[in-house]
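Coordinates from run.txt are shown below (compact mmCIF, C-alpha atoms and all ligand atoms).
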# COMPACT_ATOMS: atom_id res chain seq x y z
CA MET E 190 -11.00 18.32 2.08
CA THR E 191 -7.39 18.51 3.27
CA LYS E 192 -4.67 18.67 0.67
CA ALA E 193 -2.19 15.81 1.02
CA SER E 194 1.46 16.70 1.43
CA SER E 195 2.37 14.38 -1.45
CA PRO E 196 0.63 13.36 -4.68
CA ILE E 197 1.45 9.72 -3.99
CA TRP E 198 -1.48 7.33 -3.51
CA HIS E 199 -0.12 4.62 -1.21
CA PRO E 200 -1.32 0.99 -1.15
CA PHE E 201 -3.64 -0.24 1.60
CA THR E 202 -3.70 3.29 3.04
CA GLN E 203 -6.68 5.47 3.92
CA HIS E 204 -5.23 8.88 3.26
CA ALA E 205 -8.19 10.64 4.86
CA ILE E 206 -7.07 9.13 8.17
CA ASN E 207 -3.34 8.81 7.54
CA PRO E 208 -2.30 11.74 5.34
CA HIS E 209 1.41 11.45 6.17
CA SER E 210 3.84 8.64 5.55
CA MET E 211 7.09 7.94 7.40
CA HIS E 212 9.92 9.13 5.21
CA VAL E 213 12.65 6.49 5.10
CA ASP E 214 16.08 7.53 3.85
CA ARG E 215 18.09 4.37 4.32
CA ALA E 216 18.01 0.84 5.67
CA ALA E 217 20.54 -1.68 6.93
CA GLY E 218 20.12 -5.19 8.31
CA ALA E 219 16.95 -5.32 10.38
CA TYR E 220 16.58 -1.54 10.62
CA LEU E 221 14.94 1.26 8.71
CA PHE E 222 16.15 4.81 9.28
CA ALA E 223 13.34 7.32 8.94
CA ARG E 224 13.26 11.08 9.25
CA HIS E 225 12.32 12.14 12.73
CA GLU E 226 10.07 15.12 12.20
CA VAL E 227 8.59 17.55 14.70
CA ASP E 228 5.98 19.96 13.31
CA GLY E 229 7.05 19.06 9.78
CA ILE E 230 10.71 19.84 10.45
CA THR E 231 13.34 17.11 10.33
CA VAL E 232 15.13 17.05 13.67
CA GLY E 233 17.05 13.84 13.30
CA GLU E 234 16.87 10.19 12.40
CA LYS E 235 14.53 7.60 13.85
CA ARG E 236 15.69 3.98 13.88
CA ILE E 237 12.89 1.51 13.36
CA LEU E 238 13.20 -2.24 13.78
CA ASP E 239 11.60 -3.84 10.72
CA ALA E 240 9.83 -6.73 12.46
CA ILE E 241 7.72 -7.59 9.38
CA SER E 242 10.50 -7.60 6.78
CA SER E 243 8.86 -4.70 4.92
CA TRP E 244 5.75 -6.62 3.86
CA TRP E 245 7.44 -9.99 4.14
CA VAL E 246 10.05 -9.47 1.43
CA ILE E 247 13.40 -8.94 3.15
CA THR E 248 15.07 -12.23 4.00
CA HIS E 249 18.79 -11.74 4.75
CA GLY E 250 18.47 -8.11 5.86
CA HIS E 251 18.11 -4.72 4.19
CA CYS E 252 20.84 -3.68 1.77
CA HIS E 253 22.78 -6.91 2.10
CA PRO E 254 26.22 -6.00 0.69
CA LYS E 255 26.43 -9.10 -1.53
CA ILE E 256 23.11 -8.30 -3.20
CA GLN E 257 24.04 -4.62 -3.47
CA GLN E 258 27.29 -5.55 -5.14
CA ALA E 259 25.64 -7.96 -7.59
CA VAL E 260 23.04 -5.40 -8.63
CA MET E 261 25.64 -2.63 -9.05
CA GLN E 262 27.79 -4.90 -11.18
CA GLN E 263 24.83 -5.97 -13.31
CA ALA E 264 23.75 -2.35 -13.78
CA GLN E 265 27.04 -1.69 -15.54
CA ALA E 266 26.53 -4.50 -18.05
CA LEU E 267 22.88 -4.94 -19.00
CA ASP E 268 19.91 -3.02 -17.64
CA GLN E 269 16.94 -4.51 -19.45
CA VAL E 270 16.22 -6.46 -22.60
CA ILE E 271 13.06 -7.79 -24.23
CA PHE E 272 12.62 -11.33 -22.95
CA ALA E 273 10.85 -12.81 -25.98
CA GLY E 274 13.46 -14.17 -28.41
CA PHE E 275 16.28 -12.94 -26.14
CA THR E 276 17.80 -14.26 -22.93
CA HIS E 277 20.77 -13.39 -20.70
CA GLU E 278 23.14 -14.97 -18.23
CA PRO E 279 21.53 -13.76 -14.95
CA ALA E 280 18.16 -15.20 -16.04
CA GLU E 281 19.69 -18.51 -17.17
CA LYS E 282 21.71 -18.79 -13.98
CA LEU E 283 18.65 -18.08 -11.85
CA ALA E 284 16.59 -20.70 -13.69
CA LYS E 285 19.25 -23.32 -12.93
CA GLY E 286 19.48 -22.09 -9.33
CA LEU E 287 15.74 -22.42 -8.82
CA MET E 288 15.66 -25.89 -10.40
CA ASP E 289 18.48 -26.96 -8.03
CA LEU E 290 16.79 -25.44 -5.00
CA THR E 291 13.62 -27.40 -5.77
CA ASN E 292 15.58 -30.65 -6.33
CA ASN E 293 14.99 -30.59 -10.07
CA VAL E 294 11.36 -31.61 -9.73
CA TYR E 295 10.34 -28.72 -11.97
CA ASP E 296 11.05 -28.43 -15.63
CA HIS E 297 10.50 -24.78 -16.38
CA VAL E 298 10.24 -21.35 -14.80
CA PHE E 299 8.26 -18.36 -16.04
CA TYR E 300 9.39 -14.97 -14.77
CA SER E 301 7.16 -12.03 -13.92
CA ASP E 302 7.37 -9.10 -11.53
CA SER E 303 5.34 -9.64 -8.38
CA GLY E 304 3.54 -12.15 -6.24
CA SER E 305 0.22 -11.36 -7.89
CA THR E 306 1.62 -11.97 -11.35
CA ALA E 307 3.34 -15.18 -10.23
CA VAL E 308 -0.08 -16.51 -9.15
CA GLU E 309 -1.93 -15.02 -12.12
CA VAL E 310 0.52 -16.85 -14.40
CA ALA E 311 -0.04 -20.08 -12.45
CA LEU E 312 -3.82 -19.85 -12.86
CA LYS E 313 -3.44 -19.19 -16.58
CA MET E 314 -1.02 -22.11 -16.92
CA ALA E 315 -3.45 -24.45 -15.16
CA ILE E 316 -6.50 -23.43 -17.17
CA GLY E 317 -4.46 -23.42 -20.40
CA TYR E 318 -3.08 -26.86 -19.61
CA TRP E 319 -6.54 -28.45 -19.58
CA GLN E 320 -7.58 -26.56 -22.72
CA HIS E 321 -4.49 -27.60 -24.63
CA ILE E 322 -4.78 -31.28 -23.77
CA ASP E 323 -8.35 -31.09 -25.11
CA SER E 324 -9.94 -31.87 -21.80
CA PRO E 325 -11.12 -28.44 -20.63
CA ARG E 326 -11.70 -27.98 -16.92
CA HIS E 327 -13.12 -24.75 -15.56
CA LYS E 328 -13.21 -24.70 -11.78
CA ILE E 329 -10.60 -23.46 -9.35
CA ILE E 330 -10.63 -24.43 -5.67
CA ALA E 331 -9.08 -22.14 -3.04
CA PHE E 332 -9.23 -21.45 0.68
CA ASP E 333 -11.72 -19.17 2.34
CA GLY E 334 -9.66 -16.29 3.67
CA GLY E 335 -6.81 -16.97 1.24
CA TYR E 336 -4.97 -14.05 -0.32
CA HIS E 337 -3.15 -14.34 -3.64
CA GLY E 338 -2.83 -10.74 -4.81
CA ASP E 339 -4.86 -7.86 -6.13
CA THR E 340 -5.25 -8.51 -9.85
CA PHE E 341 -8.71 -9.68 -10.88
CA GLY E 342 -7.61 -13.29 -11.29
CA THR E 343 -5.88 -13.42 -7.93
CA MET E 344 -8.68 -11.52 -6.22
CA SER E 345 -11.05 -14.15 -7.60
CA ALA E 346 -8.92 -16.92 -6.10
CA GLY E 347 -8.71 -15.04 -2.80
CA GLY E 348 -11.35 -15.36 -0.14
CA ARG E 349 -14.18 -12.88 -0.34
CA SER E 350 -13.37 -10.15 2.17
CA VAL E 351 -13.01 -6.44 2.72
CA TYR E 352 -10.00 -6.60 0.37
CA ASN E 353 -12.14 -7.29 -2.68
CA LYS E 354 -15.73 -6.66 -1.60
CA ILE E 355 -16.55 -3.85 -4.03
CA TYR E 356 -15.11 -5.81 -6.95
CA GLU E 357 -16.99 -9.00 -6.13
CA PRO E 358 -19.44 -8.78 -9.04
CA TYR E 359 -16.49 -8.76 -11.43
CA LEU E 360 -14.66 -11.75 -9.96
CA PHE E 361 -14.91 -15.19 -11.51
CA GLU E 362 -16.47 -17.96 -9.50
CA VAL E 363 -14.12 -20.02 -7.36
CA GLU E 364 -15.03 -22.87 -5.01
CA HIS E 365 -13.82 -21.78 -1.59
CA ILE E 366 -13.31 -24.34 1.14
CA PRO E 367 -12.58 -23.84 4.86
CA VAL E 368 -8.98 -23.73 6.10
CA PRO E 369 -8.07 -26.91 8.01
CA VAL E 370 -7.02 -25.14 11.21
CA GLU E 371 -6.56 -27.36 14.24
CA GLY E 372 -9.87 -28.97 15.09
CA ASN E 373 -11.33 -28.19 11.67
CA GLU E 374 -9.33 -30.64 9.59
CA GLY E 375 -12.20 -33.06 8.99
CA VAL E 376 -14.60 -30.30 7.97
CA ALA E 377 -12.11 -28.91 5.47
CA LEU E 378 -11.25 -32.31 4.02
CA ASP E 379 -14.93 -33.21 3.68
CA ALA E 380 -15.61 -29.88 1.97
CA LEU E 381 -12.76 -30.48 -0.46
CA ALA E 382 -13.98 -34.00 -1.25
CA LYS E 383 -17.52 -32.71 -1.80
CA VAL E 384 -16.47 -29.93 -4.17
CA LEU E 385 -14.40 -32.42 -6.15
CA GLU E 386 -17.28 -34.88 -6.29
CA ASP E 387 -19.86 -32.19 -7.22
CA ASN E 388 -17.57 -30.92 -9.99
CA LYS E 389 -16.18 -34.26 -11.11
CA GLY E 390 -13.80 -33.86 -14.03
CA ASN E 391 -14.21 -30.10 -14.06
CA VAL E 392 -11.73 -28.90 -11.40
CA ALA E 393 -8.62 -27.50 -13.04
CA ALA E 394 -6.58 -26.63 -9.95
CA PHE E 395 -6.42 -26.15 -6.21
CA VAL E 396 -4.49 -22.99 -5.32
CA PHE E 397 -3.36 -22.63 -1.72
CA GLU E 398 -0.96 -20.89 0.61
CA PRO E 399 0.90 -23.81 2.19
CA LEU E 400 0.81 -23.99 6.03
CA VAL E 401 0.20 -20.26 6.64
CA LEU E 402 -2.43 -17.97 5.12
CA GLY E 403 -0.71 -14.61 5.40
CA ALA E 404 -2.95 -11.63 4.69
CA GLY E 405 -5.97 -13.67 5.80
CA GLY E 406 -4.65 -13.29 9.36
CA MET E 407 -1.63 -15.61 9.71
CA VAL E 408 -3.94 -18.61 9.83
CA MET E 409 -1.96 -21.84 10.26
CA TYR E 410 -2.58 -25.49 9.51
CA SER E 411 -0.53 -28.66 9.60
CA PRO E 412 1.66 -30.32 6.97
CA ASP E 413 -0.18 -33.61 7.55
CA THR E 414 -3.49 -32.05 6.56
CA LEU E 415 -1.93 -30.45 3.50
CA ARG E 416 -0.68 -33.88 2.46
CA ALA E 417 -4.13 -35.35 3.00
CA MET E 418 -5.61 -32.60 0.81
CA GLU E 419 -3.04 -33.39 -1.84
CA ASP E 420 -4.12 -37.03 -1.86
CA VAL E 421 -7.77 -36.10 -2.39
CA CYS E 422 -6.88 -33.68 -5.20
CA ARG E 423 -4.56 -36.17 -6.89
CA SER E 424 -7.31 -38.79 -6.93
CA HIS E 425 -9.30 -36.34 -9.09
CA GLY E 426 -6.34 -35.41 -11.31
CA VAL E 427 -6.45 -31.81 -10.07
CA LEU E 428 -3.36 -29.62 -10.54
CA LEU E 429 -1.84 -28.29 -7.31
CA ILE E 430 -0.71 -24.66 -7.27
CA ALA E 431 1.33 -23.73 -4.20
CA ASP E 432 1.39 -20.00 -3.59
CA GLU E 433 4.73 -19.78 -1.75
CA VAL E 434 4.92 -16.03 -2.31
CA MET E 435 4.92 -15.34 1.43
CA THR E 436 5.93 -18.73 2.85
CA GLY E 437 8.83 -19.35 0.45
CA PHE E 438 12.48 -18.77 1.26
CA GLY E 439 12.46 -19.88 4.85
CA ARG E 440 9.56 -18.14 6.55
CA THR E 441 7.95 -21.30 7.91
CA GLY E 442 11.23 -22.89 9.02
CA SER E 443 12.06 -24.84 5.85
CA VAL E 444 13.11 -23.33 2.53
CA PHE E 445 9.59 -23.92 1.22
CA ALA E 446 6.52 -24.65 3.29
CA CYS E 447 5.63 -27.52 0.93
CA ASP E 448 8.85 -29.28 2.00
CA GLN E 449 7.32 -29.93 5.43
CA ALA E 450 4.44 -31.77 3.82
CA GLU E 451 6.79 -33.54 1.37
CA LEU E 452 4.48 -32.10 -1.23
CA VAL E 453 5.54 -31.47 -4.81
CA PRO E 454 2.97 -29.16 -6.35
CA ASP E 455 2.60 -29.04 -10.12
CA ILE E 456 3.06 -25.29 -10.09
CA MET E 457 4.86 -23.18 -7.49
CA CYS E 458 4.62 -19.39 -7.22
CA LEU E 459 7.52 -17.40 -5.80
CA SER E 460 8.20 -13.70 -5.27
CA LYS E 461 8.90 -11.54 -2.17
CA GLY E 462 12.03 -13.30 -0.77
CA LEU E 463 13.18 -14.46 -4.21
CA THR E 464 15.53 -11.49 -4.60
CA GLY E 465 16.12 -11.31 -0.84
CA GLY E 466 13.49 -8.55 -1.06
CA PHE E 467 15.90 -6.29 -2.92
CA LEU E 468 14.02 -5.93 -6.21
CA PRO E 469 10.56 -6.88 -7.44
CA MET E 470 10.32 -10.22 -9.19
CA GLY E 471 7.97 -13.16 -9.56
CA ALA E 472 8.69 -16.71 -10.69
CA THR E 473 6.25 -19.49 -11.51
CA LEU E 474 7.80 -22.96 -11.62
CA CYS E 475 5.98 -25.74 -13.41
CA SER E 476 6.20 -29.44 -14.18
CA ALA E 477 7.20 -30.86 -17.55
CA GLU E 478 3.61 -31.98 -18.07
CA VAL E 479 2.23 -28.44 -17.78
CA TYR E 480 4.94 -27.01 -20.05
CA GLN E 481 4.45 -29.73 -22.66
CA ALA E 482 0.76 -28.91 -23.02
CA PHE E 483 1.76 -25.53 -24.48
CA TYR E 484 4.69 -26.90 -26.51
CA HIS E 485 3.43 -27.24 -30.05
CA LYS E 486 4.09 -26.33 -33.67
CA ASP E 487 0.80 -24.45 -33.47
CA LYS E 488 1.67 -20.87 -32.53
CA ALA E 489 -1.78 -20.31 -31.09
CA LYS E 490 -0.87 -22.72 -28.28
CA MET E 491 2.00 -20.62 -26.95
CA PHE E 492 1.61 -19.18 -23.45
CA PHE E 493 -0.02 -15.81 -23.96
CA HIS E 494 1.34 -13.93 -20.99
CA SER E 495 4.05 -11.35 -20.62
CA SER E 496 5.00 -8.24 -18.79
CA SER E 497 7.46 -5.70 -20.14
CA PHE E 498 10.00 -6.32 -17.39
CA THR E 499 9.87 -10.13 -17.45
CA GLY E 500 13.29 -11.50 -16.50
CA ASN E 501 14.76 -8.10 -15.69
CA PRO E 502 18.56 -8.61 -15.44
CA LEU E 503 18.96 -6.54 -12.26
CA ALA E 504 16.22 -8.48 -10.48
CA CYS E 505 17.75 -11.77 -11.67
CA ALA E 506 21.18 -10.66 -10.43
CA ALA E 507 19.67 -9.83 -7.02
CA ALA E 508 17.96 -13.23 -6.90
CA ASN E 509 21.18 -15.03 -7.86
CA ALA E 510 23.05 -13.19 -5.11
CA SER E 511 20.33 -14.09 -2.64
CA LEU E 512 20.49 -17.78 -3.61
CA ALA E 513 24.27 -17.62 -3.16
CA ILE E 514 23.77 -16.24 0.37
CA TRP E 515 21.60 -19.25 1.14
CA LYS E 516 24.59 -21.44 0.23
CA GLU E 517 27.37 -19.33 1.74
CA GLU E 518 25.85 -18.17 5.01
CA PRO E 519 24.18 -20.15 7.82
CA VAL E 520 20.69 -18.96 6.83
CA LEU E 521 18.87 -22.05 8.11
CA ASP E 522 20.69 -21.75 11.47
CA ARG E 523 19.49 -18.15 11.75
CA ILE E 524 15.98 -19.30 10.96
CA ARG E 525 16.24 -22.03 13.62
CA ASP E 526 17.41 -19.47 16.20
CA ILE E 527 14.48 -17.17 15.44
CA ALA E 528 12.07 -20.11 15.64
CA ALA E 529 13.53 -21.13 19.03
CA GLY E 530 13.16 -17.56 20.33
CA HIS E 531 9.58 -17.47 19.11
CA ALA E 532 8.80 -20.80 20.79
CA GLN E 533 9.86 -19.38 24.16
CA ALA E 534 7.91 -16.17 23.49
CA VAL E 535 4.79 -18.19 22.71
CA ARG E 536 4.94 -19.56 26.26
CA ASP E 537 5.53 -16.11 27.80
CA LEU E 538 3.03 -14.13 25.72
CA SER E 539 0.23 -16.64 26.10
CA ALA E 540 0.16 -15.78 29.82
CA ILE E 541 -0.87 -12.20 29.04
CA LYS E 542 -4.52 -11.36 29.61
CA GLY E 543 -6.38 -10.65 26.38
CA VAL E 544 -4.06 -12.75 24.21
CA LYS E 545 -5.67 -15.66 22.40
CA ASN E 546 -4.90 -18.10 19.63
CA ILE E 547 -1.15 -17.68 19.86
CA ARG E 548 0.58 -19.64 17.12
CA GLN E 549 3.91 -20.12 15.43
CA LYS E 550 5.31 -21.61 12.27
CA GLY E 551 9.07 -21.21 11.91
CA THR E 552 9.94 -17.51 11.90
CA ILE E 553 6.31 -16.39 12.00
CA LEU E 554 4.73 -15.76 15.38
CA ALA E 555 1.13 -14.53 15.55
CA LEU E 556 -1.47 -13.89 18.21
CA ASP E 557 -4.93 -12.39 18.34
CA ILE E 558 -6.09 -9.82 20.82
CA ASP E 559 -9.42 -10.55 22.37
CA VAL E 560 -11.48 -7.53 21.34
CA GLU E 561 -15.03 -7.00 20.22
CA SER E 562 -14.21 -5.69 16.76
CA GLU E 563 -12.15 -8.36 15.04
CA GLY E 564 -10.93 -8.66 11.45
CA TYR E 565 -8.87 -6.41 9.22
CA LEU E 566 -10.74 -3.22 10.11
CA SER E 567 -10.58 -3.82 13.85
CA ALA E 568 -10.55 -0.55 15.79
CA ILE E 569 -7.54 -1.69 17.78
CA GLN E 570 -5.26 -1.92 14.73
CA PRO E 571 -4.26 1.76 14.41
CA LYS E 572 -3.68 2.00 18.16
CA LEU E 573 -1.37 -1.00 18.07
CA TYR E 574 0.45 0.21 14.96
CA ASP E 575 1.09 3.66 16.43
CA ALA E 576 2.12 2.31 19.83
CA PHE E 577 4.71 0.00 18.26
CA LEU E 578 6.07 2.73 15.99
CA ASP E 579 6.40 5.05 19.00
CA ARG E 580 8.59 2.32 20.47
CA GLY E 581 10.71 2.12 17.32
CA ILE E 582 9.22 -1.12 16.01
CA LEU E 583 7.46 -1.68 12.70
CA LEU E 584 4.65 -4.15 13.33
CA ARG E 585 1.60 -3.79 11.12
CA PRO E 586 -1.13 -5.90 12.71
CA LEU E 587 -3.73 -7.49 10.48
CA GLY E 588 -6.69 -6.09 12.39
CA ASN E 589 -6.52 -7.60 15.87
CA CYS E 590 -3.83 -10.08 14.83
CA ILE E 591 -0.30 -9.06 15.83
CA TYR E 592 2.42 -10.99 14.07
CA ILE E 593 6.21 -10.94 13.84
CA LEU E 594 7.91 -11.95 10.59
CA PRO E 595 11.48 -10.67 10.87
CA PRO E 596 14.42 -10.67 8.48
CA TYR E 597 16.79 -13.52 9.33
CA CYS E 598 19.62 -11.21 10.42
CA VAL E 599 17.56 -9.96 13.36
CA GLY E 600 19.39 -10.22 16.69
CA ALA E 601 18.12 -12.06 19.77
CA ASP E 602 18.11 -8.77 21.72
CA ASP E 603 15.94 -7.10 19.11
CA LEU E 604 13.53 -10.00 19.11
CA LYS E 605 13.33 -9.86 22.90
CA LEU E 606 12.53 -6.17 22.63
CA VAL E 607 9.68 -6.95 20.23
CA TYR E 608 8.25 -9.68 22.51
CA ASP E 609 8.50 -7.38 25.54
CA GLU E 610 6.91 -4.44 23.76
CA ILE E 611 4.07 -6.60 22.47
CA GLY E 612 3.34 -7.51 26.09
CA ASN E 613 3.66 -3.89 27.23
CA VAL E 614 1.45 -2.49 24.47
CA ILE E 615 -1.28 -5.08 25.01
CA GLU E 616 -1.29 -4.38 28.75
CA LEU E 617 -1.33 -0.64 28.14
CA LEU E 618 -4.20 -0.77 25.66
CA SER E 619 -6.30 -3.09 27.74
CA ALA E 620 -5.79 -1.07 30.96
C1 LIG A 701 0.52 -15.52 -0.41
C2 LIG A 701 0.59 -14.29 -1.26
N1 LIG A 701 0.38 -14.39 -2.57
C3 LIG A 701 0.46 -13.32 -3.39
C4 LIG A 701 0.72 -12.06 -2.88
C5 LIG A 701 0.76 -10.89 -3.80
O1 LIG A 701 2.08 -10.46 -3.93
P1 LIG A 701 2.39 -8.99 -4.48
O2 LIG A 701 1.94 -8.03 -3.43
O3 LIG A 701 3.87 -8.99 -4.68
O4 LIG A 701 1.65 -8.84 -5.75
C6 LIG A 701 0.94 -11.91 -1.52
C7 LIG A 701 1.21 -10.60 -0.94
O5 LIG A 701 1.23 -10.37 0.21
C8 LIG A 701 0.87 -13.06 -0.68
O6 LIG A 701 1.05 -12.97 0.64

Would you give me this structure, written as structure tokens?
Ligand SMILES: Cc1ncc(COP(=O)(O)O)c(C=O)c1O
Amino acid sequence: MTKASSPIWHPFTQHAINPHSMHVDRAAGAYLFARHEVDGITVGEKRILDAISSWWVITHGHCHPKIQQAVMQQAQALDQVIFAGFTHEPAEKLAKGLMDLTNNVYDHVFYSDSGSTAVEVALKMAIGYWQHIDSPRHKIIAFDGGYHGDTFGTMSAGGRSVYNKIYEPYLFEVEHIPVPVEGNEGVALDALAKVLEDNKGNVAAFVFEPLVLGAGGMVMYSPDTLRAMEDVCRSHGVLLIADEVMTGFGRTGSVFACDQAELVPDIMCLSKGLTGGFLPMGATLCSAEVYQAFYHKDKAKMFFHSSSFTGNPLACAAANASLAIWKEEPVLDRIRDIAAGHAQAVRDLSAIKGVKNIRQKGTILALDIDVESEGYLSAIQPKLYDAFLDRGILLRPLGNCIYILPPYCVGADDLKLVYDEIGNVIELLSA
């Protein structure tokens, strides 16, 4: 057994194959600056274009000065305070900001610290809602291939896959239905209708990633189909939980993916881009109806969920600064420019031999490479990853699926470089 150079156990990393991690010292805009090491000795700095927004979190760019400033200022006033029985200005301001951003269709927001917890909270709200109105419902519906996090609740909601295979016996039962990708809309809608019929009066909620299933392989479907699914669910009184953890804050071209379907879910889960990617935070927004089910003189009906860092003032300050950037800077124009660049690249890249299923939604461009071993553990993944890093680009393919999901400050030249290098690397590896 080889001794690792660090005691750190990294996420989604097989240390027996990848014992070393890139050491990043600083970041700015769309770039990471890592140590350039030769034989373990630092010989300089390596600039890496962060074409996946560091796991889809960075929106306006790394170390945005306005967010930096807000966090530094907050750090001088209030670091952390228990959030039960206490509140503070950054949290109150953020709550108002989120209500405004969602056109005041929500009544309340519950803070937590990650995407997984935002969804976990949503599931607990939905199940608790039905219990507290004395009409218990037990089933959850979700997409095959969906990903909602790595806690047991969110793994249960997620599709059964390599991500959760060894934990499967411990996951609670969820009704999974096919994703309504183009050509499969009818099948998915029929499956949804059947599950609802078979479990009449017992489905608590449908949890879904709107328009794009991220970790499941950047699988895309249309706003029209999402709206049709909403109609079917509504006719059965099912609560809709939109997991906008990845899609939220502009990724799909609109502030929220649900906007494109004119869909107002009962519960919306946010994280990743909420703080501009600066600090960890989750937020679960809910309707008045859901909140009221827990609102009671009976203490036993309170919402039994917390985490120590709920509503952390620094994270709230970062989120407030990020929301201000949305108002002060032409963020949607930047998103439109990226989307236009992607649209052209879709035409160019689709001509490359071995590229299939090329697709785009707003700032997300994805394509699959035609190889024998597909899926997350595809043998081509490490080759692609290394080849892109050698070229100074961070792309972390999901198996044989290469995708770009850049921060909105990315320049047109940098995007062109990414498109060109994707073409070069595919040609090189298939030669
Ligand atoms: C749609 C979706 N939901 C939830 C999560 C979990 O978020 P986190 O990793 O912050 O727990 C992710 C993470 O990628 C995600 O893409």

Which chain E residues have any atom within 7 Å of an atom of ligand LIG 701 (chain A), and for each, what is the nearest pair of atoms with distance in Å to one decimal, counting all atoms listed in the file, rows sorted by chain and number, as JSON lines?
{"residue": "E:Trp244", "atom": "CA", "partner": "A:LIG701", "partner_atom": "O5", "distance": 6.9}
{"residue": "E:Ser303", "atom": "CA", "partner": "A:LIG701", "partner_atom": "O3", "distance": 4.0}
{"residue": "E:Gly304", "atom": "CA", "partner": "A:LIG701", "partner_atom": "O1", "distance": 3.2}
{"residue": "E:Ser305", "atom": "CA", "partner": "A:LIG701", "partner_atom": "O4", "distance": 3.6}
{"residue": "E:Thr306", "atom": "CA", "partner": "A:LIG701", "partner_atom": "O4", "distance": 6.4}
{"residue": "E:Val308", "atom": "CA", "partner": "A:LIG701", "partner_atom": "C3", "distance": 6.6}
{"residue": "E:Tyr336", "atom": "CA", "partner": "A:LIG701", "partner_atom": "C2", "distance": 5.6}
{"residue": "E:His337", "atom": "CA", "partner": "A:LIG701", "partner_atom": "N1", "distance": 3.7}
{"residue": "E:Gly338", "atom": "CA", "partner": "A:LIG701", "partner_atom": "C5", "distance": 3.7}
{"residue": "E:Asp339", "atom": "CA", "partner": "A:LIG701", "partner_atom": "O4", "distance": 6.6}
{"residue": "E:Glu398", "atom": "CA", "partner": "A:LIG701", "partner_atom": "C1", "distance": 5.7}
{"residue": "E:Leu402", "atom": "CA", "partner": "A:LIG701", "partner_atom": "C1", "distance": 6.7}
{"residue": "E:Gly403", "atom": "CA", "partner": "A:LIG701", "partner_atom": "O6", "distance": 5.3}
{"residue": "E:Ala404", "atom": "CA", "partner": "A:LIG701", "partner_atom": "O6", "distance": 5.8}
{"residue": "E:Asp432", "atom": "CA", "partner": "A:LIG701", "partner_atom": "C1", "distance": 5.6}
{"residue": "E:Glu433", "atom": "CA", "partner": "A:LIG701", "partner_atom": "C1", "distance": 6.1}
{"residue": "E:Val434", "atom": "CA", "partner": "A:LIG701", "partner_atom": "C2", "distance": 4.8}
{"residue": "E:Met435", "atom": "CA", "partner": "A:LIG701", "partner_atom": "O6", "distance": 4.6}
{"residue": "E:Ser460", "atom": "CA", "partner": "A:LIG701", "partner_atom": "O3", "distance": 6.4}
{"residue": "E:Lys461", "atom": "CA", "partner": "A:LIG701", "partner_atom": "O3", "distance": 6.2}

With all atoms listed in the file counted, which protein, DNA or RNA residues have an atom no more than 6 Å from (20.1, -11.0, 6.0) in the file frame? Please answer as a PyMOL selection string. chain E and resi 248-250+597-598

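Candidate residues E:Ala504, E:Leu573, E:Met211, E:Leu578 were compared for distance to E:Val614, and the nearest is E:Leu573, using all atoms listed in the file.
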
Hey, can you check how far atom CA of E:Tyr574 sits from atom CA of E:Ile615? 11.5 Å

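The space between atom CA of E:Pro196 and atom CA of E:Ser210 spans 11.7 Å.
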
I want to know what sits within 12 Å of E:Lys285, based on only C-alpha atoms, with residues of the same chain fewer than 5 positions away left out; could you give that as a list of chain:residue names? E:Glu278, E:Pro279, E:Ala280, E:Leu290, E:Thr291, E:Asn292, E:Asn293, E:Val294, E:Tyr295, E:Asp296, E:His297, E:Val298, E:Leu474, E:Cys505, E:Ala508, E:Asn509, E:Leu512

Non-local contacts of E:Phe272 (9 Å; all atoms listed in the file; under 3 positions in same chain excluded) as a ChimeraX atom specification: /E:269,275-277,495,497-501
